[in-house]
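Student: Contents of run.tsv (TSV, C-alpha atoms) are given next:
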```
chain	number	residue	atom	x	y	z
J	125	MET	CA	1.80	-2.47	-31.59
J	126	GLN	CA	1.50	0.29	-29.00
J	127	LYS	CA	4.54	0.61	-26.70
J	128	ILE	CA	3.98	1.48	-23.03
J	129	VAL	CA	6.91	2.20	-20.72
J	130	ILE	CA	6.50	2.22	-16.93
J	131	ILE	CA	8.99	4.01	-14.68
J	132	GLY	CA	8.86	2.64	-11.13
J	133	GLY	CA	8.56	-1.02	-10.18
J	134	GLY	CA	6.91	-0.81	-6.77
J	135	ILE	CA	3.38	-2.00	-6.09
J	136	VAL	CA	1.75	0.55	-8.44
J	137	GLY	CA	4.09	0.06	-11.40
J	138	ALA	CA	4.26	-3.73	-11.04
J	139	SER	CA	0.44	-3.94	-10.91
J	140	ALA	CA	0.11	-1.78	-14.03
J	141	ALA	CA	2.70	-3.93	-15.83
J	142	TYR	CA	0.92	-7.17	-14.90
J	143	LEU	CA	-2.50	-5.89	-15.99
J	144	LEU	CA	-1.13	-4.47	-19.25
J	145	SER	CA	0.65	-7.77	-19.96
J	146	LYS	CA	-2.78	-9.25	-20.62
J	147	GLU	CA	-3.49	-6.66	-23.35
J	148	ASN	CA	-2.29	-6.37	-26.95
J	149	VAL	CA	0.49	-3.91	-26.11
J	150	GLN	CA	4.28	-4.00	-25.69
J	151	VAL	CA	5.35	-3.17	-22.13
J	152	THR	CA	8.70	-2.28	-20.55
J	153	LEU	CA	8.99	-1.86	-16.78
J	154	ILE	CA	11.97	0.12	-15.48
J	155	ASP	CA	12.88	0.08	-11.80
J	156	SER	CA	15.83	1.88	-10.22
J	157	ASN	CA	15.84	-0.65	-7.35
J	158	GLU	CA	16.60	2.15	-4.90
J	159	PRO	CA	16.94	1.09	-1.26
J	160	GLY	CA	14.01	2.20	0.85
J	161	GLN	CA	11.21	1.39	-1.60
J	162	ALA	CA	7.99	1.82	0.36
J	163	THR	CA	6.39	-1.39	-0.97
J	164	ARG	CA	8.98	-3.54	0.79
J	165	ALA	CA	8.70	-1.72	4.12
J	166	ALA	CA	4.98	-1.41	4.78
J	167	ALA	CA	2.77	-3.07	7.37
J	168	GLY	CA	0.44	-4.58	4.75
J	169	ILE	CA	-3.04	-3.96	6.15
J	170	ILE	CA	-6.04	-4.09	3.79
J	171	CYS	CA	-8.83	-2.64	5.92
J	172	PRO	CA	-9.78	0.94	4.97
J	173	TRP	CA	-13.41	0.70	6.09
J	174	LEU	CA	-12.85	1.54	9.76
J	175	SER	CA	-10.86	4.70	9.05
J	176	LYS	CA	-12.25	7.99	10.31
J	177	ARG	CA	-10.35	10.08	7.77
J	178	ARG	CA	-12.71	12.74	6.53
J	179	ASN	CA	-11.45	12.85	2.95
J	180	LYS	CA	-14.25	11.09	1.07
J	181	TYR	CA	-12.16	10.83	-2.11
J	182	TRP	CA	-9.44	8.94	-0.22
J	183	TYR	CA	-12.07	6.60	1.19
J	184	GLU	CA	-13.64	5.93	-2.22
J	185	LEU	CA	-10.22	5.08	-3.63
J	186	ALA	CA	-9.29	2.87	-0.67
J	187	LYS	CA	-12.68	1.10	-0.64
J	188	ASN	CA	-12.39	0.23	-4.34
J	189	SER	CA	-8.79	-0.84	-3.77
J	190	ALA	CA	-9.69	-3.31	-1.02
J	191	ALA	CA	-12.29	-4.96	-3.26
J	192	PHE	CA	-9.86	-5.16	-6.19
J	193	TYR	CA	-7.10	-6.70	-4.06
J	194	LYS	CA	-8.95	-9.95	-3.63
J	195	GLU	CA	-9.61	-10.13	-7.38
J	196	ILE	CA	-6.02	-9.50	-8.48
J	197	ALA	CA	-4.57	-11.78	-5.76
J	198	GLU	CA	-6.75	-14.70	-6.88
J	199	SER	CA	-5.80	-14.05	-10.51
J	200	LEU	CA	-2.10	-14.02	-9.64
J	201	SER	CA	-2.25	-17.24	-7.62
J	202	GLU	CA	-4.21	-19.08	-10.32
J	203	GLU	CA	-1.92	-17.85	-13.09
J	204	THR	CA	1.44	-18.45	-11.39
J	205	GLY	CA	0.75	-21.21	-8.86
J	206	ARG	CA	2.63	-19.05	-6.35
J	207	ASP	CA	1.74	-17.53	-3.03
J	208	SER	CA	0.88	-13.90	-3.77
J	209	GLY	CA	1.46	-12.82	-0.17
J	210	TYR	CA	-2.17	-11.73	0.25
J	211	LYS	CA	-4.43	-13.44	2.79
J	212	GLN	CA	-7.82	-12.59	4.27
J	213	VAL	CA	-7.38	-13.14	8.01
J	214	GLY	CA	-9.77	-10.50	9.35
J	215	VAL	CA	-9.05	-7.57	11.64
J	216	LEU	CA	-9.64	-6.89	15.31
J	217	ALA	CA	-10.14	-3.19	16.03
J	218	LEU	CA	-9.51	-2.85	19.76
J	219	ARG	CA	-11.59	-0.63	22.05
J	220	GLN	CA	-11.55	-0.18	25.84
J	221	THR	CA	-15.18	0.83	26.39
J	222	GLU	CA	-18.52	-0.55	25.29
J	223	GLU	CA	-19.49	2.89	24.01
J	224	LYS	CA	-16.44	3.12	21.70
J	225	ALA	CA	-16.91	-0.46	20.47
J	226	THR	CA	-20.56	0.17	19.65
J	227	GLU	CA	-19.70	3.40	17.82
J	228	LEU	CA	-17.14	1.56	15.65
J	229	PHE	CA	-19.47	-1.40	15.08
J	230	ASN	CA	-22.18	0.97	13.82
J	231	LEU	CA	-19.71	2.66	11.45
J	232	ALA	CA	-18.63	-0.74	10.09
J	233	MET	CA	-22.22	-1.87	9.53
J	234	GLU	CA	-23.02	1.39	7.76
J	235	ARG	CA	-20.03	1.09	5.44
J	236	ARG	CA	-20.62	-2.58	4.63
J	237	ALA	CA	-23.64	-1.55	2.54
J	238	GLY	CA	-21.22	-0.10	-0.01
J	239	ALA	CA	-18.42	-2.61	0.59
J	240	PRO	CA	-19.73	-6.20	0.78
J	241	VAL	CA	-16.14	-7.51	0.71
J	242	MET	CA	-16.01	-6.54	4.41
J	243	GLY	CA	-17.74	-9.84	5.16
J	244	ASP	CA	-18.94	-10.62	8.68
J	245	ILE	CA	-18.85	-7.92	11.35
J	246	GLU	CA	-19.00	-8.82	15.04
J	247	LYS	CA	-18.54	-7.17	18.39
J	248	LEU	CA	-16.30	-9.43	20.47
J	249	SER	CA	-15.89	-9.54	24.23
J	250	GLU	CA	-12.53	-9.33	25.94
J	251	ALA	CA	-12.36	-13.13	26.17
J	252	GLU	CA	-13.35	-13.61	22.52
J	253	THR	CA	-10.75	-11.05	21.46
J	254	LYS	CA	-8.08	-12.86	23.46
J	255	GLN	CA	-9.06	-16.15	21.84
J	256	LYS	CA	-8.43	-14.76	18.36
J	257	PHE	CA	-5.21	-12.95	19.32
J	258	PRO	CA	-3.64	-14.53	22.44
J	259	LEU	CA	-1.08	-11.74	22.94
J	260	VAL	CA	-3.59	-8.92	23.41
J	261	LYS	CA	-3.42	-7.24	26.82
J	262	PRO	CA	-6.40	-7.44	29.20
J	263	GLY	CA	-9.02	-4.72	29.05
J	264	PHE	CA	-9.80	-4.71	25.33
J	265	SER	CA	-12.90	-5.84	23.51
J	266	SER	CA	-12.99	-5.47	19.72
J	267	VAL	CA	-14.88	-5.17	16.49
J	268	TYR	CA	-14.03	-8.03	14.13
J	269	VAL	CA	-14.24	-7.62	10.34
J	270	SER	CA	-13.70	-10.93	8.54
J	271	GLY	CA	-12.95	-9.54	5.06
J	272	ALA	CA	-9.88	-7.58	6.11
J	273	ALA	CA	-6.55	-8.89	4.86
J	274	ARG	CA	-2.82	-8.67	5.26
J	275	VAL	CA	-0.29	-8.57	2.44
J	276	ASN	CA	3.45	-9.09	2.24
J	277	GLY	CA	4.28	-6.18	-0.05
J	278	GLY	CA	7.65	-7.48	-1.21
J	279	LEU	CA	6.28	-10.93	-2.06
J	280	PHE	CA	3.18	-9.51	-3.78
J	281	CYS	CA	5.35	-7.24	-5.90
J	282	GLU	CA	7.71	-10.08	-6.83
J	283	THR	CA	4.75	-12.25	-7.91
J	284	LEU	CA	3.34	-9.41	-10.01
J	285	ARG	CA	6.68	-8.93	-11.75
J	286	TYR	CA	7.13	-12.66	-12.28
J	287	ALA	CA	3.69	-12.95	-13.90
J	288	ALA	CA	4.25	-9.83	-16.01
J	289	LYS	CA	7.59	-11.16	-17.26
J	290	GLU	CA	6.04	-14.54	-18.07
J	291	ASN	CA	3.46	-12.64	-20.14
J	292	GLY	CA	6.14	-10.85	-22.14
J	293	VAL	CA	6.89	-7.68	-20.19
J	294	GLU	CA	10.53	-6.59	-20.45
J	295	ILE	CA	11.94	-5.62	-17.05
J	296	LYS	CA	14.97	-3.35	-16.80
J	297	THR	CA	16.90	-2.15	-13.76
J	298	GLY	CA	18.43	1.31	-13.83
J	299	LEU	CA	17.87	4.99	-13.24
J	300	ALA	CA	15.45	6.33	-15.86
J	301	HIS	CA	15.34	9.79	-17.39
J	302	PHE	CA	12.44	10.68	-19.64
J	303	SER	CA	11.66	13.13	-22.38
J	304	PRO	CA	8.05	14.25	-22.86
J	305	LYS	CA	8.71	13.75	-26.58
J	306	GLY	CA	8.52	9.98	-26.44
J	307	GLU	CA	11.86	8.67	-25.15
J	308	VAL	CA	13.20	7.23	-21.92
J	309	LEU	CA	16.92	6.89	-21.28
J	310	VAL	CA	18.07	4.12	-18.94
J	311	ASP	CA	21.74	3.14	-18.53
J	312	GLY	CA	22.62	4.80	-21.82
J	313	GLU	CA	19.94	2.97	-23.78
J	314	LYS	CA	16.93	4.68	-25.31
J	315	GLU	CA	13.41	3.30	-24.99
J	316	SER	CA	10.77	4.87	-27.17
J	317	TYR	CA	7.17	4.97	-25.96
J	318	ASP	CA	3.70	5.75	-27.18
J	319	LYS	CA	2.42	6.01	-23.61
J	320	LEU	CA	4.42	6.52	-20.42
J	321	ILE	CA	3.34	5.62	-16.88
J	322	ILE	CA	5.30	7.14	-14.00
J	323	SER	CA	4.99	5.46	-10.61
J	324	ALA	CA	8.24	6.62	-9.05
J	325	GLY	CA	7.08	7.04	-5.46
J	326	ALA	CA	9.00	9.54	-3.34
J	327	TRP	CA	11.56	9.94	-6.13
J	328	LEU	CA	9.03	11.65	-8.43
J	329	PRO	CA	10.16	15.27	-7.80
J	330	ASN	CA	13.71	14.54	-8.99
J	331	LEU	CA	12.44	12.75	-12.08
J	332	LEU	CA	10.03	15.53	-13.06
J	333	GLN	CA	12.49	18.31	-12.24
J	334	GLU	CA	14.62	17.15	-15.16
J	335	ALA	CA	11.64	17.81	-17.44
J	336	GLY	CA	11.07	21.27	-15.98
J	337	PHE	CA	8.32	20.54	-13.44
J	338	HIS	CA	7.93	21.50	-9.80
J	339	THR	CA	6.24	18.79	-7.72
J	340	ASP	CA	4.65	19.10	-4.28
J	341	VAL	CA	5.48	15.56	-3.21
J	342	LEU	CA	7.44	15.00	-0.01
J	343	ALA	CA	9.37	12.05	1.42
J	344	GLN	CA	8.33	10.48	4.71
J	345	LYS	CA	10.44	7.90	6.55
J	346	GLY	CA	8.67	4.90	8.03
J	347	GLN	CA	10.26	2.36	10.39
J	348	LEU	CA	8.74	-1.02	11.26
J	349	LEU	CA	9.82	-3.69	13.71
J	350	GLU	CA	9.66	-7.42	12.94
J	351	LEU	CA	9.07	-9.43	16.10
J	352	ASP	CA	9.83	-13.13	16.46
J	353	PHE	CA	7.08	-15.04	18.29
J	354	SER	CA	7.94	-18.39	16.71
J	355	GLU	CA	6.66	-20.21	19.81
J	356	TYR	CA	3.18	-19.40	18.46
J	357	GLU	CA	1.51	-20.46	15.21
J	358	THR	CA	0.39	-17.08	13.90
J	359	ALA	CA	-0.63	-17.89	10.31
J	360	GLU	CA	-4.36	-17.43	10.96
J	361	TRP	CA	-4.16	-14.63	13.51
J	362	PRO	CA	-6.03	-11.46	12.54
J	363	VAL	CA	-4.51	-8.03	12.07
J	364	ILE	CA	-4.77	-5.80	15.15
J	365	LEU	CA	-5.85	-2.16	14.82
J	366	PRO	CA	-5.53	-0.57	18.25
J	367	PRO	CA	-6.80	2.93	19.07
J	368	SER	CA	-3.40	4.26	18.01
J	369	ALA	CA	-1.37	5.30	14.98
J	370	LYS	CA	0.51	2.00	15.28
J	371	SER	CA	-0.63	-1.44	14.11
J	372	ILE	CA	0.14	-5.11	14.77
J	373	VAL	CA	0.24	-7.47	11.78
J	374	PRO	CA	0.87	-11.20	12.28
J	375	PHE	CA	2.29	-13.26	9.41
J	376	ASP	CA	3.27	-16.93	9.26
J	377	ASN	CA	5.77	-18.70	11.54
J	378	GLY	CA	5.51	-16.29	14.45
J	379	LYS	CA	6.51	-13.20	12.50
J	380	ILE	CA	4.63	-10.12	13.72
J	381	ILE	CA	5.17	-6.68	12.16
J	382	VAL	CA	4.55	-3.64	14.39
J	383	GLY	CA	4.77	0.05	13.57
J	384	ALA	CA	5.12	2.35	11.90
J	385	THR	CA	6.76	5.72	12.40
J	386	HIS	CA	5.82	8.73	10.26
J	387	GLU	CA	8.96	10.87	10.10
J	388	LYS	CA	8.53	13.93	7.89
J	389	ALA	CA	11.96	15.48	8.47
J	390	ALA	CA	14.09	12.39	7.75
J	391	GLY	CA	13.75	12.47	3.96
J	392	PHE	CA	15.55	9.57	2.28
J	393	ASN	CA	17.57	8.53	5.33
J	394	ILE	CA	16.84	4.81	5.72
J	395	GLU	CA	19.00	4.10	8.75
J	396	PRO	CA	17.05	2.55	11.67
J	397	THR	CA	17.10	4.72	14.77
J	398	ALA	CA	16.84	4.07	18.49
J	399	GLU	CA	14.22	6.82	18.68
J	400	GLY	CA	12.04	5.10	16.07
J	401	LYS	CA	12.32	1.76	17.85
J	402	ALA	CA	11.48	3.33	21.20
J	403	GLU	CA	8.44	5.14	19.76
J	404	ILE	CA	7.00	1.94	18.30
J	405	LEU	CA	7.66	-0.17	21.40
J	406	ALA	CA	6.21	2.43	23.76
J	407	GLU	CA	2.96	2.50	21.83
J	408	VAL	CA	2.59	-1.21	20.98
J	409	ASN	CA	3.37	-2.19	24.60
J	410	LYS	CA	0.03	-0.64	25.57
J	411	PHE	CA	-1.84	-3.31	23.63
J	412	MET	CA	0.38	-6.37	23.32
J	413	GLU	CA	1.86	-8.72	25.93
J	414	GLY	CA	5.42	-10.01	25.92
J	415	GLU	CA	8.95	-8.68	26.29
J	416	LEU	CA	8.74	-7.00	22.92
J	417	GLU	CA	12.19	-5.44	22.88
J	418	HIS	CA	13.76	-8.89	23.22
J	419	LYS	CA	11.62	-10.17	20.35
J	420	ILE	CA	12.95	-7.77	17.70
J	421	ALA	CA	14.35	-9.79	14.77
J	422	ASN	CA	14.62	-7.06	12.15
J	423	VAL	CA	13.93	-3.39	11.42
J	424	ALA	CA	12.51	-2.39	8.04
J	425	VAL	CA	12.75	1.19	6.79
J	426	GLY	CA	11.03	2.70	3.77
J	427	THR	CA	10.37	6.08	2.19
J	428	ARG	CA	6.74	6.97	1.47
J	429	PRO	CA	5.59	9.78	-0.82
J	430	TYR	CA	2.93	12.17	0.47
J	431	THR	CA	1.43	15.51	-0.54
J	432	PRO	CA	0.94	18.57	1.71
J	433	ASP	CA	-2.75	17.72	2.21
J	434	PHE	CA	-2.12	13.94	2.33
J	435	ALA	CA	-4.31	13.36	-0.75
J	436	PRO	CA	-3.25	11.19	-3.71
J	437	LEU	CA	-2.79	12.35	-7.29
J	438	ILE	CA	-3.75	10.20	-10.28
J	439	GLY	CA	-4.01	11.25	-13.93
J	440	GLN	CA	-2.18	12.95	-16.80
J	441	LEU	CA	1.07	14.83	-16.45
J	442	PRO	CA	-0.12	18.43	-17.01
J	443	GLY	CA	0.21	19.33	-20.67
J	444	PHE	CA	0.95	15.81	-21.96
J	445	ASP	CA	-1.84	13.48	-23.05
J	446	SER	CA	0.46	10.45	-23.40
J	447	ILE	CA	2.03	10.53	-19.91
J	448	PHE	CA	0.17	9.28	-16.83
J	449	LEU	CA	1.23	9.19	-13.21
J	450	ALA	CA	0.12	8.47	-9.67
J	451	ASN	CA	1.70	9.52	-6.39
J	452	GLY	CA	1.15	10.77	-2.87
J	453	LEU	CA	-0.36	7.51	-1.59
J	454	GLY	CA	1.54	7.81	1.69
J	455	ALA	CA	0.88	5.13	4.30
J	456	SER	CA	-1.99	3.84	2.11
J	457	GLY	CA	0.34	2.89	-0.74
J	458	LEU	CA	0.22	-0.85	-0.19
J	459	THR	CA	-3.55	-0.79	0.31
J	460	THR	CA	-4.28	1.23	-2.82
J	461	GLY	CA	-1.35	0.24	-5.06
J	462	PRO	CA	-2.85	-2.53	-7.24
J	463	TYR	CA	-6.04	-0.57	-7.90
J	464	VAL	CA	-4.09	2.60	-8.71
J	465	GLY	CA	-2.02	0.48	-11.11
J	466	LYS	CA	-5.28	-0.60	-12.74
J	467	LEU	CA	-6.41	3.02	-13.09
J	468	LEU	CA	-3.12	3.95	-14.76
J	469	ALA	CA	-3.34	0.97	-17.10
J	470	ASP	CA	-6.89	1.98	-18.05
J	471	LEU	CA	-5.75	5.56	-18.73
J	472	ALA	CA	-2.92	4.35	-20.97
J	473	LEU	CA	-5.33	2.11	-22.87
J	474	LEU	CA	-7.88	4.96	-23.13
J	475	ASN	CA	-10.40	2.84	-21.21
J	476	THR	CA	-13.07	4.43	-19.06
J	477	THR	CA	-12.03	4.33	-15.41
J	478	ASP	CA	-14.51	3.27	-12.73
J	479	LEU	CA	-13.42	6.11	-10.46
J	480	ALA	CA	-13.95	9.83	-11.14
J	481	LEU	CA	-10.34	10.95	-11.47
J	482	GLU	CA	-11.03	14.68	-11.56
J	483	ASN	CA	-10.95	14.48	-7.77
J	484	TYR	CA	-7.28	13.37	-7.91
J	485	ASP	CA	-6.05	15.91	-10.48
J	486	PRO	CA	-2.21	16.08	-10.60
J	487	ARG	CA	-2.35	19.77	-11.56
J	488	LYS	CA	-2.96	20.54	-7.90
J	489	TYR	CA	0.55	19.34	-7.09
J	490	ILE	CA	2.56	19.59	-10.32
J	491	SER	CA	3.40	22.76	-12.24
J	492	LYS	CA	5.83	23.88	-14.92
```
Show how you would write the structure in this file as structure tokens.

Tutor:
Amino acid sequence: MQKIVIIGGGIVGASAAYLLSKENVQVTLIDSNEPGQATRAAAGIICPWLSKRRNKYWYELAKNSAAFYKEIAESLSEETGRDSGYKQVGVLALRQTEEKATELFNLAMERRAGAPVMGDIEKLSEAETKQKFPLVKPGFSSVYVSGAARVNGGLFCETLRYAAKENGVEIKTGLAHFSPKGEVLVDGEKESYDKLIISAGAWLPNLLQEAGFHTDVLAQKGQLLELDFSEYETAEWPVILPPSAKSIVPFDNGKIIVGATHEKAAGFNIEPTAEGKAEILAEVNKFMEGELEHKIANVAVGTRPYTPDFAPLIGQLPGFDSIFLANGLGASGLTTGPYVGKLLADLALLNTTDLALENYDPRKYISK
């Protein structure tokens, strides 16, 4: 039986492990359990369709990812009987003028032709917006997209790993070192492999350096604030996308996640900072009512991987037809993770992928 080893147990690696657990292969998932894993410190917004990023390859990946999320979440819930952490609650994209709202509405309608999972699209008045999200400040109308979702990254990842383990995947914790010649060393034990998947996030450069590779992947610190609005029942509230780099994501029991920062110079420092908190509050206060500073219940900090041009890489490790990797997903990691895990699983199984991966060639970022 073919042996596939996966290094990295975040959203990408856990998704690949779960999907491969349904195939006739032997799978081992190795996770270093490093603090600061991006999956556990991400806002959890599944709504790529309103983005104005000009990179069409990013959009194609993100669009396919949003459609796949619903599929894999339903499969997980049916198989395990557990809450996957994924829920379609819709999104409200806030705008202050009729002109801006109409422009965004037209973009959404145009993109729905290629993304039916978007569901219903509506332009909402200020009063209708306030009805759906009572804490929004006056002066904002919105575009509502019903198919958008939120996801608790940590819970989703735990459910993936639980299901994978139930299906026979061996899960190991430890720092992995690999040889391109078919062996992985973890805590002094050797694991042989026929195929290797590397989903090591921001820690990829260190891992590949040992094998003689230079990697253009950088670490970016992201801080998020968890606010406690337990006086409200927020379970059905939609995600808020203001005209800002920050977002507002309600979860159950009054928990609302706001953020995030994008700190390129902080590297792997995962200490919360007063500057990060102040940056988030200053921006979110423009759109959300309440004494937000007094509502802070927790600060989450993670380390995202990104490339110099902010584009992802997915495919073979240059020069090795049995090693596959994905990286550079940045702030889109939680949105794209399960689908990228599917692409890596398909590559390892020699299946045809439903995305043209030449546009995500790792050779652009990885060299000997």

Student: Could you list, as a compact mmCIF listing (two decimals) with C-alpha atoms, in the coordinates of the input, every residue within 9 Å of Ala384 (chain J), counting all atoms listed in the file and ignoring same-chain residues fewer than 6 positions away?

Tutor:
```txt
# COMPACT_ATOMS: atom_id res chain seq x y z
CA ALA J 166 4.98 -1.41 4.78
CA ALA J 167 2.77 -3.07 7.37
CA GLY J 346 8.67 4.90 8.03
CA GLN J 347 10.26 2.36 10.39
CA LEU J 348 8.74 -1.02 11.26
CA LEU J 349 9.82 -3.69 13.71
CA ALA J 369 -1.37 5.30 14.98
CA LYS J 370 0.51 2.00 15.28
CA SER J 371 -0.63 -1.44 14.11
CA GLY J 400 12.04 5.10 16.07
CA GLU J 403 8.44 5.14 19.76
CA ILE J 404 7.00 1.94 18.30
```

Student: Taking into account only C-alpha atoms, which residue in the set J:Lys401, J:Lys247, J:Lys194, J:Lys296 is nearest to Ser265 (chain J)?

Tutor: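 With only C-alpha atoms as the atom set, the closest residue is J:Lys247.
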
Student: Select all residues near (7.5, 5.3, 1.6) (cut-off 10 Å, inclusive, file coordinates), counting only C-alpha atoms, and output them as a ChimeraX atom specification.

Tutor: /J:160-166,325-327,342-347,386,391-392,425-430,452-458

Student: Could you name the residues that touch Thr297 (chain J) at 6 Å or less, counting only C-alpha atoms, but leaving out those on the same chain fewer than 2 positions away, as a PDB file with C-alpha atoms, in the frame of the given file?

Tutor:
```
ATOM      1  CA  ILE J 154      11.970   0.120 -15.480  1.00  0.00           C
ATOM      2  CA  ASP J 155      12.880   0.080 -11.800  1.00  0.00           C
ATOM      3  CA  SER J 156      15.830   1.880 -10.220  1.00  0.00           C
TER       4      SER J 156
END
```

Student: Give me, as a VMD selection string, all polymer residues having an atom no more than 9 Å from Val129 (chain J), counting all atoms listed in the file and skipping those fewer than 3 positions away in the same chain.

Tutor: chain J and resid 141 150 to 154 308 315 to 322

Student: For Lys289 (chain J), which residue among J:Leu309, J:Leu143, J:Cys171, J:Ala398 is the nearest when counting all atoms listed in the file?

Tutor: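 Closest candidate: J:Leu143.
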
Student: Please, what distance in Å, to one decimal, runs between CA of Pro329 (chain J) and CA of Asp311 (chain J)?

Tutor: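 If I compute the distance from CA of Pro329 (chain J) to CA of Asp311 (chain J), I get 19.9 Å.
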
Student: Just how far from CA of Leu218 (chain J) is CA of Ser354 (chain J), in Å to one decimal?

Tutor: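 It comes out at 23.6 Å.
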
Student: Identify which of the residues J:Ala359, J:Ala389, J:Met242, J:Leu200 lies closest to Ala287 (chain J), counting all atoms listed in the file when measuring atom-to-atom distances.

Tutor: J:Leu200

Student: Set the distance at 6 Å and use only C-alpha atoms: which residues neighbour Glu350 (chain J) once local chain neighbours fewer than 2 positions away are removed? I'd like the list as a PDB file with C-alpha atoms, keeping the file's coordinate frame.

Tutor:
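This is the output file around.pdb:
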```
ATOM      1  CA  ILE J 380       4.630 -10.120  13.720  1.00  0.00           C
ATOM      2  CA  ILE J 381       5.170  -6.680  12.160  1.00  0.00           C
ATOM      3  CA  ILE J 420      12.950  -7.770  17.700  1.00  0.00           C
ATOM      4  CA  ALA J 421      14.350  -9.790  14.770  1.00  0.00           C
ATOM      5  CA  ASN J 422      14.620  -7.060  12.150  1.00  0.00           C
TER       6      ASN J 422
END
```

Student: Which residue gives the smallest distance to Ser175 (chain J) among J:Lys146, J:His418, J:Arg235, J:Arg219, with only C-alpha atoms counted?

Tutor: J:Arg235

Student: Between CA of Val275 (chain J) and CA of Tyr193 (chain J), what distance in Å does the model show, to one decimal?

Tutor: 9.6 Å

Student: Skip region 177-187 of chain J itself and residues of its chain fewer than 3 positions away, then list as a PyMOL selection string all residues within 7 Å of it, counting all atoms listed in the file.

Tutor: chain J and resi 172-173+190-191+239+435+459-460+483

Student: Using C-alpha atoms, can you write the selected residues to a file as a PDB file, in the frame of the given file?

Tutor:
```
ATOM      1  CA  PRO J 172      -9.780   0.940   4.970  1.00  0.00           C
ATOM      2  CA  TRP J 173     -13.410   0.700   6.090  1.00  0.00           C
ATOM      3  CA  ALA J 190      -9.690  -3.310  -1.020  1.00  0.00           C
ATOM      4  CA  ALA J 191     -12.290  -4.960  -3.260  1.00  0.00           C
ATOM      5  CA  ALA J 239     -18.420  -2.610   0.590  1.00  0.00           C
ATOM      6  CA  ALA J 435      -4.310  13.360  -0.750  1.00  0.00           C
ATOM      7  CA  THR J 459      -3.550  -0.790   0.310  1.00  0.00           C
ATOM      8  CA  THR J 460      -4.280   1.230  -2.820  1.00  0.00           C
ATOM      9  CA  ASN J 483     -10.950  14.480  -7.770  1.00  0.00           C
TER      10      ASN J 483
END
```

Student: Given the choices J:Ala272, J:Ile128, J:Ile438, J:Met412, which gets closest to Pro240 (chain J) if the distance is worked out from only C-alpha atoms?

Tutor: J:Ala272

Student: Which residue, J:Ala288, J:Val215, J:Ile130, J:Phe229, has the smallest gap to Val310 (chain J) when you use all atoms listed in the file?

Tutor: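 Counting all atoms listed in the file, the residue closest to Val310 (chain J) is J:Ile130.
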
Student: Determine the axis-aligned bounding box of all atoms of region 298-307 of chain J present in the file, pad each side by 8 Å, and express its centre and edge lengths in Å to one decimal place as JSON.

Tutor:
```
{"center_x": 13.2, "center_y": 7.8, "center_z": -19.9, "size_x": 26.4, "size_y": 28.9, "size_z": 29.3}
```
